[in-house]
file data-v4.txt (compact mmCIF, N, CA and C atoms)
# COMPACT_ATOMS: atom_id res chain seq x y z
N MET K 1 419.19 115.91 65.61
CA MET K 1 418.97 114.49 65.69
C MET K 1 418.34 114.00 64.38
N PRO K 2 418.96 113.02 63.71
CA PRO K 2 418.40 112.55 62.43
C PRO K 2 417.08 111.81 62.63
N TYR K 3 416.32 111.76 61.56
CA TYR K 3 415.07 111.01 61.54
C TYR K 3 415.37 109.61 61.04
N ARG K 4 414.58 108.66 61.49
CA ARG K 4 414.72 107.27 61.07
C ARG K 4 413.36 106.78 60.59
N GLY K 5 413.34 106.03 59.50
CA GLY K 5 412.08 105.52 59.00
C GLY K 5 412.28 104.41 57.99
N VAL K 6 411.16 104.00 57.39
CA VAL K 6 411.17 102.92 56.42
C VAL K 6 410.47 103.40 55.15
N ILE K 7 411.10 103.12 54.03
CA ILE K 7 410.52 103.43 52.72
C ILE K 7 410.44 102.12 51.94
N ILE K 8 409.26 101.82 51.44
CA ILE K 8 409.07 100.62 50.62
C ILE K 8 409.35 101.00 49.17
N GLU K 9 410.39 100.41 48.63
CA GLU K 9 410.82 100.79 47.28
C GLU K 9 409.71 100.60 46.24
N GLU K 10 408.91 99.56 46.38
CA GLU K 10 407.84 99.30 45.42
C GLU K 10 406.71 100.33 45.48
N SER K 11 406.71 101.17 46.50
CA SER K 11 405.69 102.22 46.61
C SER K 11 406.04 103.45 45.78
N LEU K 12 407.21 103.45 45.20
CA LEU K 12 407.73 104.64 44.52
C LEU K 12 407.63 104.54 43.01
N GLU K 13 407.17 105.61 42.40
CA GLU K 13 407.26 105.73 40.94
C GLU K 13 408.65 106.22 40.54
N ASN K 14 409.20 107.07 41.36
CA ASN K 14 410.51 107.66 41.09
C ASN K 14 411.41 107.40 42.30
N LYS K 15 412.49 106.67 42.08
CA LYS K 15 413.37 106.27 43.17
C LYS K 15 414.60 107.18 43.32
N ASN K 16 414.69 108.22 42.50
CA ASN K 16 415.88 109.07 42.49
C ASN K 16 416.23 109.67 43.84
N PHE K 17 415.22 110.03 44.63
CA PHE K 17 415.50 110.69 45.91
C PHE K 17 416.19 109.76 46.91
N LEU K 18 416.17 108.45 46.68
CA LEU K 18 416.83 107.54 47.62
C LEU K 18 418.31 107.87 47.78
N LYS K 19 418.89 108.53 46.78
CA LYS K 19 420.30 108.92 46.91
C LYS K 19 420.48 110.05 47.93
N ASP K 20 419.38 110.72 48.32
CA ASP K 20 419.44 111.82 49.28
C ASP K 20 419.30 111.36 50.73
N VAL K 21 419.08 110.07 50.93
CA VAL K 21 418.94 109.54 52.28
C VAL K 21 420.00 108.47 52.50
N HIS K 22 420.31 108.25 53.75
CA HIS K 22 421.27 107.21 54.09
C HIS K 22 420.50 105.93 54.36
N ILE K 23 420.70 104.91 53.51
CA ILE K 23 420.03 103.62 53.72
C ILE K 23 420.88 102.81 54.68
N VAL K 24 420.28 102.53 55.85
CA VAL K 24 420.98 101.82 56.91
C VAL K 24 420.91 100.31 56.67
N SER K 25 419.75 99.84 56.24
CA SER K 25 419.57 98.42 55.98
C SER K 25 418.42 98.23 55.00
N THR K 26 418.40 97.06 54.39
CA THR K 26 417.34 96.71 53.45
C THR K 26 416.88 95.30 53.76
N GLN K 27 415.56 95.14 53.78
CA GLN K 27 414.95 93.84 54.03
C GLN K 27 413.93 93.60 52.93
N VAL K 28 413.88 92.39 52.42
CA VAL K 28 412.92 92.04 51.38
C VAL K 28 411.90 91.07 51.96
N GLU K 29 410.61 91.41 51.79
CA GLU K 29 409.51 90.54 52.22
C GLU K 29 408.76 90.09 50.98
N GLN K 30 408.47 88.81 50.90
CA GLN K 30 407.62 88.32 49.84
C GLN K 30 406.18 88.73 50.16
N VAL K 31 405.45 89.19 49.17
CA VAL K 31 404.08 89.64 49.37
C VAL K 31 403.17 88.45 49.61
N THR K 32 402.32 88.61 50.62
CA THR K 32 401.28 87.63 50.93
C THR K 32 399.93 88.32 50.78
N GLU K 33 398.88 87.58 50.92
CA GLU K 33 397.54 88.17 50.83
C GLU K 33 397.35 89.28 51.85
N ARG K 34 397.95 89.13 53.02
CA ARG K 34 397.82 90.13 54.09
C ARG K 34 398.38 91.49 53.68
N HIS K 35 399.39 91.54 52.80
CA HIS K 35 399.96 92.81 52.36
C HIS K 35 398.96 93.66 51.58
N LYS K 36 397.99 93.02 50.94
CA LYS K 36 396.97 93.72 50.13
C LYS K 36 397.60 94.51 48.98
N THR K 37 398.71 93.97 48.43
CA THR K 37 399.37 94.60 47.27
C THR K 37 399.68 93.53 46.23
N PRO K 38 398.66 92.92 45.64
CA PRO K 38 398.91 91.83 44.69
C PRO K 38 399.59 92.25 43.40
N TRP K 39 399.73 93.54 43.16
CA TRP K 39 400.38 94.02 41.94
C TRP K 39 401.91 93.99 42.04
N VAL K 40 402.45 93.67 43.23
CA VAL K 40 403.91 93.51 43.38
C VAL K 40 404.20 92.15 44.00
N LYS K 41 405.39 91.63 43.74
CA LYS K 41 405.77 90.31 44.26
C LYS K 41 406.47 90.40 45.61
N GLN K 42 407.06 91.57 45.89
CA GLN K 42 407.80 91.72 47.14
C GLN K 42 407.75 93.17 47.61
N TRP K 43 408.07 93.34 48.89
CA TRP K 43 408.29 94.68 49.44
C TRP K 43 409.77 94.76 49.77
N THR K 44 410.44 95.77 49.24
CA THR K 44 411.83 96.05 49.58
C THR K 44 411.81 97.21 50.57
N LEU K 45 412.05 96.89 51.83
CA LEU K 45 411.94 97.88 52.91
C LEU K 45 413.33 98.44 53.22
N HIS K 46 413.49 99.73 52.92
CA HIS K 46 414.75 100.41 53.22
C HIS K 46 414.58 101.18 54.53
N THR K 47 415.40 100.84 55.51
CA THR K 47 415.46 101.64 56.73
C THR K 47 416.43 102.78 56.43
N VAL K 48 415.95 104.01 56.62
CA VAL K 48 416.72 105.18 56.21
C VAL K 48 416.94 106.15 57.37
N LEU K 49 417.99 106.93 57.24
CA LEU K 49 418.25 108.06 58.12
C LEU K 49 418.14 109.33 57.29
N VAL K 50 417.44 110.31 57.81
CA VAL K 50 417.26 111.58 57.13
C VAL K 50 417.82 112.67 58.04
N PRO K 51 418.78 113.46 57.57
CA PRO K 51 419.30 114.54 58.41
C PRO K 51 418.18 115.52 58.78
N GLU K 52 418.24 116.02 59.98
CA GLU K 52 417.19 116.91 60.48
C GLU K 52 416.98 118.11 59.56
N ASP K 53 418.07 118.68 59.05
CA ASP K 53 417.95 119.87 58.22
C ASP K 53 417.44 119.57 56.80
N GLN K 54 417.25 118.29 56.47
CA GLN K 54 416.73 117.91 55.16
C GLN K 54 415.35 117.26 55.23
N ALA K 55 414.78 117.18 56.41
CA ALA K 55 413.53 116.46 56.61
C ALA K 55 412.40 117.00 55.73
N GLU K 56 412.23 118.31 55.70
CA GLU K 56 411.14 118.90 54.91
C GLU K 56 411.31 118.58 53.42
N SER K 57 412.51 118.76 52.90
CA SER K 57 412.72 118.54 51.47
C SER K 57 412.61 117.05 51.11
N VAL K 58 413.09 116.16 51.97
CA VAL K 58 412.95 114.73 51.70
C VAL K 58 411.48 114.33 51.75
N ALA K 59 410.73 114.87 52.71
CA ALA K 59 409.29 114.56 52.78
C ALA K 59 408.58 114.98 51.50
N GLU K 60 408.93 116.13 50.96
CA GLU K 60 408.31 116.60 49.71
C GLU K 60 408.72 115.72 48.52
N LYS K 61 409.96 115.27 48.52
CA LYS K 61 410.41 114.39 47.44
C LYS K 61 409.67 113.05 47.49
N ILE K 62 409.49 112.51 48.69
CA ILE K 62 408.74 111.27 48.84
C ILE K 62 407.30 111.49 48.38
N ASN K 63 406.73 112.60 48.81
CA ASN K 63 405.35 112.95 48.44
C ASN K 63 405.14 112.89 46.94
N LYS K 64 406.07 113.41 46.20
CA LYS K 64 405.96 113.44 44.73
C LYS K 64 406.36 112.12 44.09
N ALA K 65 407.13 111.30 44.80
CA ALA K 65 407.63 110.04 44.24
C ALA K 65 406.70 108.86 44.45
N LEU K 66 405.77 108.95 45.39
CA LEU K 66 404.88 107.82 45.67
C LEU K 66 403.98 107.50 44.49
N ASP K 67 403.70 106.24 44.35
CA ASP K 67 402.85 105.69 43.29
C ASP K 67 401.51 106.42 43.24
N ARG K 68 401.13 106.86 42.05
CA ARG K 68 399.84 107.55 41.88
C ARG K 68 398.67 106.59 41.74
N GLU K 69 398.95 105.37 41.33
CA GLU K 69 397.87 104.42 41.06
C GLU K 69 397.38 103.71 42.32
N HIS K 70 398.28 103.48 43.27
CA HIS K 70 397.94 102.75 44.49
C HIS K 70 398.24 103.62 45.71
N SER K 71 397.53 103.36 46.78
CA SER K 71 397.71 104.16 48.00
C SER K 71 398.81 103.56 48.88
N TRP K 72 399.82 104.36 49.14
CA TRP K 72 400.95 104.00 49.99
C TRP K 72 401.24 105.17 50.93
N TYR K 73 402.05 104.91 51.92
CA TYR K 73 402.63 105.99 52.70
C TYR K 73 404.03 105.60 53.10
N ALA K 74 404.81 106.59 53.48
CA ALA K 74 406.14 106.38 54.03
C ALA K 74 406.22 107.26 55.27
N ASP K 75 407.12 106.95 56.16
CA ASP K 75 407.25 107.79 57.34
C ASP K 75 408.67 107.73 57.89
N PHE K 76 409.01 108.80 58.60
CA PHE K 76 410.25 108.84 59.36
C PHE K 76 410.04 109.75 60.56
N LYS K 77 410.81 109.49 61.62
CA LYS K 77 410.58 110.22 62.88
C LYS K 77 411.87 110.34 63.68
N ASN K 78 411.84 111.31 64.59
CA ASN K 78 412.87 111.41 65.62
C ASN K 78 412.14 111.42 66.96
N ASP K 79 412.77 111.89 68.01
CA ASP K 79 412.13 111.84 69.33
C ASP K 79 410.93 112.75 69.47
N THR K 80 410.86 113.81 68.67
CA THR K 80 409.79 114.79 68.85
C THR K 80 408.83 114.93 67.68
N THR K 81 409.30 114.62 66.47
CA THR K 81 408.51 114.89 65.27
C THR K 81 408.42 113.64 64.40
N HIS K 82 407.26 113.47 63.78
CA HIS K 82 407.01 112.31 62.92
C HIS K 82 406.42 112.80 61.61
N TYR K 83 407.09 112.52 60.52
CA TYR K 83 406.58 112.82 59.19
C TYR K 83 405.87 111.58 58.65
N ILE K 84 404.62 111.73 58.27
CA ILE K 84 403.86 110.66 57.64
C ILE K 84 403.45 111.20 56.28
N ILE K 85 403.92 110.52 55.24
CA ILE K 85 403.82 111.07 53.88
C ILE K 85 402.96 110.17 53.00
N PHE K 86 401.91 110.74 52.47
CA PHE K 86 401.06 110.10 51.48
C PHE K 86 401.28 110.86 50.17
N ARG K 87 400.80 110.32 49.07
CA ARG K 87 400.87 111.06 47.81
C ARG K 87 400.01 112.30 47.96
N ASP K 88 400.56 113.47 47.75
CA ASP K 88 399.87 114.75 47.80
C ASP K 88 399.46 115.20 49.21
N LYS K 89 399.98 114.56 50.26
CA LYS K 89 399.64 115.00 51.62
C LYS K 89 400.77 114.60 52.56
N VAL K 90 401.32 115.59 53.27
CA VAL K 90 402.38 115.34 54.25
C VAL K 90 401.88 115.79 55.62
N PHE K 91 401.97 114.89 56.58
CA PHE K 91 401.63 115.22 57.96
C PHE K 91 402.94 115.37 58.73
N LYS K 92 403.09 116.51 59.40
CA LYS K 92 404.23 116.73 60.29
C LYS K 92 403.63 116.75 61.69
N ILE K 93 403.84 115.67 62.41
CA ILE K 93 403.13 115.42 63.66
C ILE K 93 404.07 115.57 64.86
N GLN K 94 403.57 116.26 65.87
CA GLN K 94 404.27 116.27 67.15
C GLN K 94 403.95 114.95 67.82
N ARG K 95 404.94 114.19 68.20
CA ARG K 95 404.74 112.80 68.61
C ARG K 95 403.87 112.62 69.84
N ASP K 96 403.64 113.67 70.60
CA ASP K 96 402.76 113.54 71.77
C ASP K 96 401.31 113.92 71.45
N SER K 97 401.00 114.16 70.18
CA SER K 97 399.66 114.61 69.80
C SER K 97 398.81 113.47 69.23
N LYS K 98 397.94 112.93 70.05
CA LYS K 98 397.02 111.89 69.60
C LYS K 98 396.12 112.43 68.49
N ALA K 99 395.67 113.66 68.60
CA ALA K 99 394.77 114.24 67.60
C ALA K 99 395.43 114.30 66.22
N GLN K 100 396.70 114.67 66.17
CA GLN K 100 397.40 114.73 64.89
C GLN K 100 397.57 113.33 64.29
N TYR K 101 397.89 112.36 65.13
CA TYR K 101 397.98 110.97 64.65
C TYR K 101 396.62 110.48 64.16
N ASP K 102 395.57 110.81 64.89
CA ASP K 102 394.23 110.39 64.48
C ASP K 102 393.87 110.95 63.12
N GLU K 103 394.25 112.19 62.86
CA GLU K 103 393.98 112.82 61.56
C GLU K 103 394.72 112.09 60.44
N ALA K 104 395.98 111.73 60.66
CA ALA K 104 396.75 111.01 59.65
C ALA K 104 396.17 109.61 59.42
N THR K 105 395.76 108.95 60.48
CA THR K 105 395.15 107.62 60.36
C THR K 105 393.85 107.70 59.58
N LYS K 106 393.01 108.68 59.90
CA LYS K 106 391.74 108.86 59.19
C LYS K 106 391.99 109.10 57.70
N PHE K 107 393.00 109.89 57.38
CA PHE K 107 393.33 110.16 55.99
C PHE K 107 393.76 108.87 55.29
N GLY K 108 394.63 108.09 55.92
CA GLY K 108 395.07 106.82 55.33
C GLY K 108 393.92 105.86 55.10
N LEU K 109 393.01 105.78 56.06
CA LEU K 109 391.83 104.92 55.89
C LEU K 109 390.98 105.39 54.72
N SER K 110 390.87 106.71 54.53
CA SER K 110 390.06 107.24 53.43
C SER K 110 390.64 106.87 52.06
N LEU K 111 391.93 106.53 52.03
CA LEU K 111 392.58 106.11 50.79
C LEU K 111 392.45 104.60 50.55
N GLY K 112 391.89 103.90 51.54
CA GLY K 112 391.72 102.47 51.41
C GLY K 112 392.89 101.66 51.96
N ILE K 113 393.79 102.29 52.68
CA ILE K 113 394.90 101.57 53.29
C ILE K 113 394.34 100.80 54.49
N PRO K 114 394.62 99.49 54.60
CA PRO K 114 394.09 98.72 55.73
C PRO K 114 394.54 99.29 57.07
N ASP K 115 393.64 99.28 58.05
CA ASP K 115 393.94 99.89 59.34
C ASP K 115 395.17 99.28 60.02
N TYR K 116 395.39 97.97 59.86
CA TYR K 116 396.54 97.35 60.50
C TYR K 116 397.86 97.81 59.89
N GLN K 117 397.83 98.39 58.68
CA GLN K 117 399.05 98.94 58.09
C GLN K 117 399.30 100.38 58.55
N LEU K 118 398.29 101.01 59.12
CA LEU K 118 398.43 102.39 59.61
C LEU K 118 398.82 102.33 61.10
N ASP K 119 399.91 101.67 61.37
CA ASP K 119 400.33 101.38 62.74
C ASP K 119 401.38 102.36 63.27
N PHE K 120 401.36 103.58 62.76
CA PHE K 120 402.40 104.55 63.12
C PHE K 120 402.15 105.30 64.41
N SER K 121 400.94 105.26 64.95
CA SER K 121 400.62 106.04 66.14
C SER K 121 400.96 105.30 67.43
N PRO K 122 401.71 105.93 68.32
CA PRO K 122 401.97 105.31 69.62
C PRO K 122 400.74 105.34 70.53
N HIS K 123 399.66 105.95 70.07
CA HIS K 123 398.45 106.10 70.87
C HIS K 123 397.43 105.00 70.61
N ILE K 124 397.75 104.03 69.74
CA ILE K 124 396.81 102.96 69.49
C ILE K 124 397.13 101.76 70.36
N LYS K 125 396.11 101.02 70.73
CA LYS K 125 396.27 99.86 71.59
C LYS K 125 397.15 98.82 70.88
N GLY K 126 398.10 98.30 71.61
CA GLY K 126 398.98 97.27 71.07
C GLY K 126 400.09 97.80 70.18
N TRP K 127 400.31 99.13 70.17
CA TRP K 127 401.35 99.72 69.32
C TRP K 127 402.71 99.15 69.67
N LYS K 128 403.45 98.74 68.65
CA LYS K 128 404.77 98.14 68.86
C LYS K 128 405.84 98.71 67.98
N ARG K 129 405.53 99.67 67.15
CA ARG K 129 406.46 100.13 66.14
C ARG K 129 407.51 101.05 66.66
call {"tool": "encode", "arguments": {"input": "data-v4.txt", "output": "structure tokens"}}
result
Amino acid sequence: MPYRGVIIEESLENKNFLKDVHIVSTQVEQVTERHKTPWVKQWTLHTVLVPEDQAESVAEKINKALDREHSWYADFKNDTTHYIIFRDKVFKIQRDSKAQYDEATKFGLSLGIPDYQLDFSPHIKGWKR
């Protein structure tokens, strides 16, 4: 079963790996104060499919491609596993594990990412993603 996720193009220093994923759709959002990314004018959100047998290698490519100057993350998931990728840290989470999600959220907060942007856990109140 392929993984599905979103990659923000502006979060990447190196975009070469995008050729290794299937981009299903692209949406552009104009940056507002709420985005907390005043160094970019827009977010280009690519919804991607990642083949199951390439998930590990794509996660590592994203890990190395993310912006070193600013804190970002990307993620993709299937029914059982969720990859949450920060620069220099990849979480491979079993989707029923609140503890694993809590660890990834704590890590993201330690990087200064706003809590409302760390909305990847189905275990948080009001989760809609």
call {"tool": "select_by_dssp", "arguments": {"input": "data-v4.txt", "residues": "chain K", "states": "helix (DSSP H, G or I)", "output": "ChimeraX atom specification"}}
result
/K:9-11,16-20,33-35,52-65,98-110,115-117
call {"tool": "residues_around", "arguments": {"input": "data-v4.txt", "residues": "stretch 69-78 of chain K", "least_positions_apart": "6", "cutoff": "5 Å", "atoms": "all atoms listed in the file", "output": "list in words"}}
result
Tyr3, Arg4, Gly5, Val6, Ile84, Ile85 and Phe86 of chain K
call {"tool": "residues_around", "arguments": {"input": "data-v4.txt", "residues": "stretch 15-20 of chain K", "least_positions_apart": "5", "cutoff": "7 Å", "atoms": "all atoms listed in the file", "output": "list in words"}}
result
Leu49, Val50, Lys61, Ile62 and Ala65 of chain K
call {"tool": "closest_residue", "arguments": {"input": "data-v4.txt", "among": "K:Ser25, K:Gln30, K:Thr105, K:Thr44", "to": "K:Ser121", "atoms": "only C-alpha atoms"}}
result
K:Thr105
call {"tool": "closest_residue", "arguments": {"input": "data-v4.txt", "among": "K:Thr47, K:Thr80, K:Leu118, K:Ser11", "to": "K:Gln94", "atoms": "all atoms listed in the file"}}
result
K:Thr80
call {"tool": "closest_residue", "arguments": {"input": "data-v4.txt", "among": "K:Lys106, K:Arg87, K:His82, K:Lys98", "to": "K:Glu56", "atoms": "only C-alpha atoms"}}
result
K:His82
call {"tool": "atom_distance", "arguments": {"input": "data-v4.txt", "atom1": "atom CA of K:Pro2", "atom2": "atom CA of K:His22"}}
result
10.3 Å
call {"tool": "residues_around", "arguments": {"input": "data-v4.txt", "residues": "K:Ile93", "least_positions_apart": "2", "cutoff": "7 Å", "atoms": "all atoms listed in the file", "output": "PyMOL selection string"}}
result
chain K and resi 80-84+91+95-97+100-101
